[in-house]
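Data first, discussion second: the structure below is written as structure tokens.
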Amino acid sequence: MATHFAPAFRTPLTDLTGRLLTHQSSPKCADFEMRAMECLEAYGVQRGRIQCIDYLDDLRECAFETKQLARTQAMRIERHRQWLAGERSSEDHYQTPTPRIDAY
């Protein structure tokens, strides 16, 4: 995440497409990226990899959702284990009753 990509030649086209390599176009991870980049700017990339590890980890989690996916997988495995052990019925294997389609 701490890698810096810069074009060899700077043109208006590179300015327009530069945001494709960042998380600034989505509001979800934009704040995490700004904090990480400000920290890296303050310490430099080499020293910032050590000093800014918390900000970089937050950005990495926001971008790739590894902890969230691992938590969801663990809940699914536990629910399936309970179903195999007979602690849950087949009707209660997943959330019941399912929410309505327009339940926003």
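In the structure tokens, chains take letters A, B, ... by order of appearance, with residues numbered from 1 within each chain and ligands from 1 in the order shown.
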### Query
Which residues, written as a ChimeraX atom specification, have at least one atom at most 12 Å from stretch 54-58 of chain A, with only C-alpha atoms counted and residues fewer than 5 positions away on the same chain left out?
/A:1-3,28-40,45,48-49,63-67
Output of the above residues as a CSV table (one decimal), in the first residue's frame, restricted to N, CA, C and O atoms:
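Produced file again29.csv, reproduced below:
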```csv
chain,number,residue,atom,x,y,z
A,1,MET,N,0.8,-1.2,0.0
A,1,MET,CA,0.0,0.0,0.0
A,1,MET,C,0.9,1.3,0.0
A,1,MET,O,0.4,2.3,-0.4
A,2,ALA,N,2.1,1.2,0.4
A,2,ALA,CA,2.9,2.3,0.5
A,2,ALA,C,3.7,2.6,-0.7
A,2,ALA,O,4.7,3.2,-0.7
A,3,THR,N,3.3,2.0,-1.8
A,3,THR,CA,4.0,2.1,-3.1
A,3,THR,C,3.5,3.4,-3.8
A,3,THR,O,2.3,3.6,-3.8
A,28,LYS,N,-15.9,5.4,1.2
A,28,LYS,CA,-15.7,4.4,2.2
A,28,LYS,C,-14.3,4.4,2.7
A,28,LYS,O,-14.0,4.4,3.9
A,29,CYS,N,-13.3,4.5,1.9
A,29,CYS,CA,-11.9,4.4,2.3
A,29,CYS,C,-11.1,5.7,2.1
A,29,CYS,O,-9.9,5.7,2.3
A,30,ALA,N,-11.8,6.7,1.7
A,30,ALA,CA,-11.1,8.0,1.4
A,30,ALA,C,-10.4,8.5,2.6
A,30,ALA,O,-9.2,9.0,2.5
A,31,ASP,N,-11.1,8.5,3.7
A,31,ASP,CA,-10.5,9.1,5.0
A,31,ASP,C,-9.3,8.3,5.4
A,31,ASP,O,-8.3,8.8,5.9
A,32,PHE,N,-9.4,7.0,5.3
A,32,PHE,CA,-8.3,6.1,5.7
A,32,PHE,C,-7.0,6.4,4.9
A,32,PHE,O,-5.9,6.4,5.3
A,33,GLU,N,-7.3,6.5,3.6
A,33,GLU,CA,-6.1,6.8,2.7
A,33,GLU,C,-5.5,8.1,2.9
A,33,GLU,O,-4.3,8.3,2.9
A,34,MET,N,-6.3,9.2,3.2
A,34,MET,CA,-5.8,10.5,3.5
A,34,MET,C,-4.9,10.5,4.7
A,34,MET,O,-3.8,11.0,4.8
A,35,ARG,N,-5.4,9.8,5.8
A,35,ARG,CA,-4.6,9.7,7.0
A,35,ARG,C,-3.3,9.0,6.8
A,35,ARG,O,-2.2,9.4,7.3
A,36,ALA,N,-3.3,7.9,6.0
A,36,ALA,CA,-2.1,7.1,5.7
A,36,ALA,C,-1.1,7.9,4.9
A,36,ALA,O,0.1,8.0,5.2
A,37,MET,N,-1.6,8.6,3.9
A,37,MET,CA,-0.8,9.4,3.0
A,37,MET,C,-0.2,10.6,3.7
A,37,MET,O,1.0,11.0,3.5
A,38,GLU,N,-0.9,11.2,4.6
A,38,GLU,CA,-0.4,12.4,5.4
A,38,GLU,C,0.7,11.9,6.3
A,38,GLU,O,1.7,12.5,6.5
A,39,CYS,N,0.5,10.7,6.9
A,39,CYS,CA,1.6,10.2,7.8
A,39,CYS,C,2.8,9.8,7.0
A,39,CYS,O,3.9,10.1,7.4
A,40,LEU,N,2.6,9.2,5.8
A,40,LEU,CA,3.8,8.8,5.0
A,40,LEU,C,4.5,10.1,4.4
A,40,LEU,O,5.7,10.1,4.3
A,45,VAL,N,8.5,7.6,2.9
A,45,VAL,CA,8.0,6.2,2.7
A,45,VAL,C,8.8,5.2,3.5
A,45,VAL,O,8.2,4.3,4.1
A,48,GLY,N,8.1,5.8,7.2
A,48,GLY,CA,6.7,5.7,7.3
A,48,GLY,C,6.1,4.3,7.4
A,48,GLY,O,5.1,4.1,8.0
A,49,ARG,N,6.8,3.4,6.7
A,49,ARG,CA,6.3,2.0,6.8
A,49,ARG,C,6.3,1.5,8.2
A,49,ARG,O,5.5,0.6,8.5
A,63,ALA,N,-9.8,-1.5,2.4
A,63,ALA,CA,-9.8,-1.9,1.0
A,63,ALA,C,-10.1,-3.4,0.7
A,63,ALA,O,-10.8,-3.7,-0.2
A,64,PHE,N,-9.5,-4.2,1.5
A,64,PHE,CA,-9.7,-5.7,1.2
A,64,PHE,C,-10.6,-6.4,2.2
A,64,PHE,O,-11.0,-7.6,1.9
A,65,GLU,N,-11.0,-5.8,3.3
A,65,GLU,CA,-12.0,-6.4,4.2
A,65,GLU,C,-11.7,-7.8,4.7
A,65,GLU,O,-12.5,-8.7,4.8
A,66,THR,N,-10.4,-8.1,5.0
A,66,THR,CA,-10.0,-9.4,5.3
A,66,THR,C,-10.5,-9.8,6.7
A,66,THR,O,-11.0,-11.0,6.9
A,67,LYS,N,-10.5,-8.9,7.7
A,67,LYS,CA,-11.1,-9.3,9.0
A,67,LYS,C,-12.6,-9.5,8.9
A,67,LYS,O,-13.1,-10.4,9.6
```
### Task
Kindly give the distance, in Å, that separates atom CA of A:Glu91 and atom CA of A:Ala103, rounded to a single decimal.
21.0 Å
### Task
Run DSSP on the backbone and give me the residues of stretch 26-87 of chain A it puts in alpha helix (DSSP H), as a PyMOL selection string.
chain A and resi 30-43+45-51+53-64+66-84
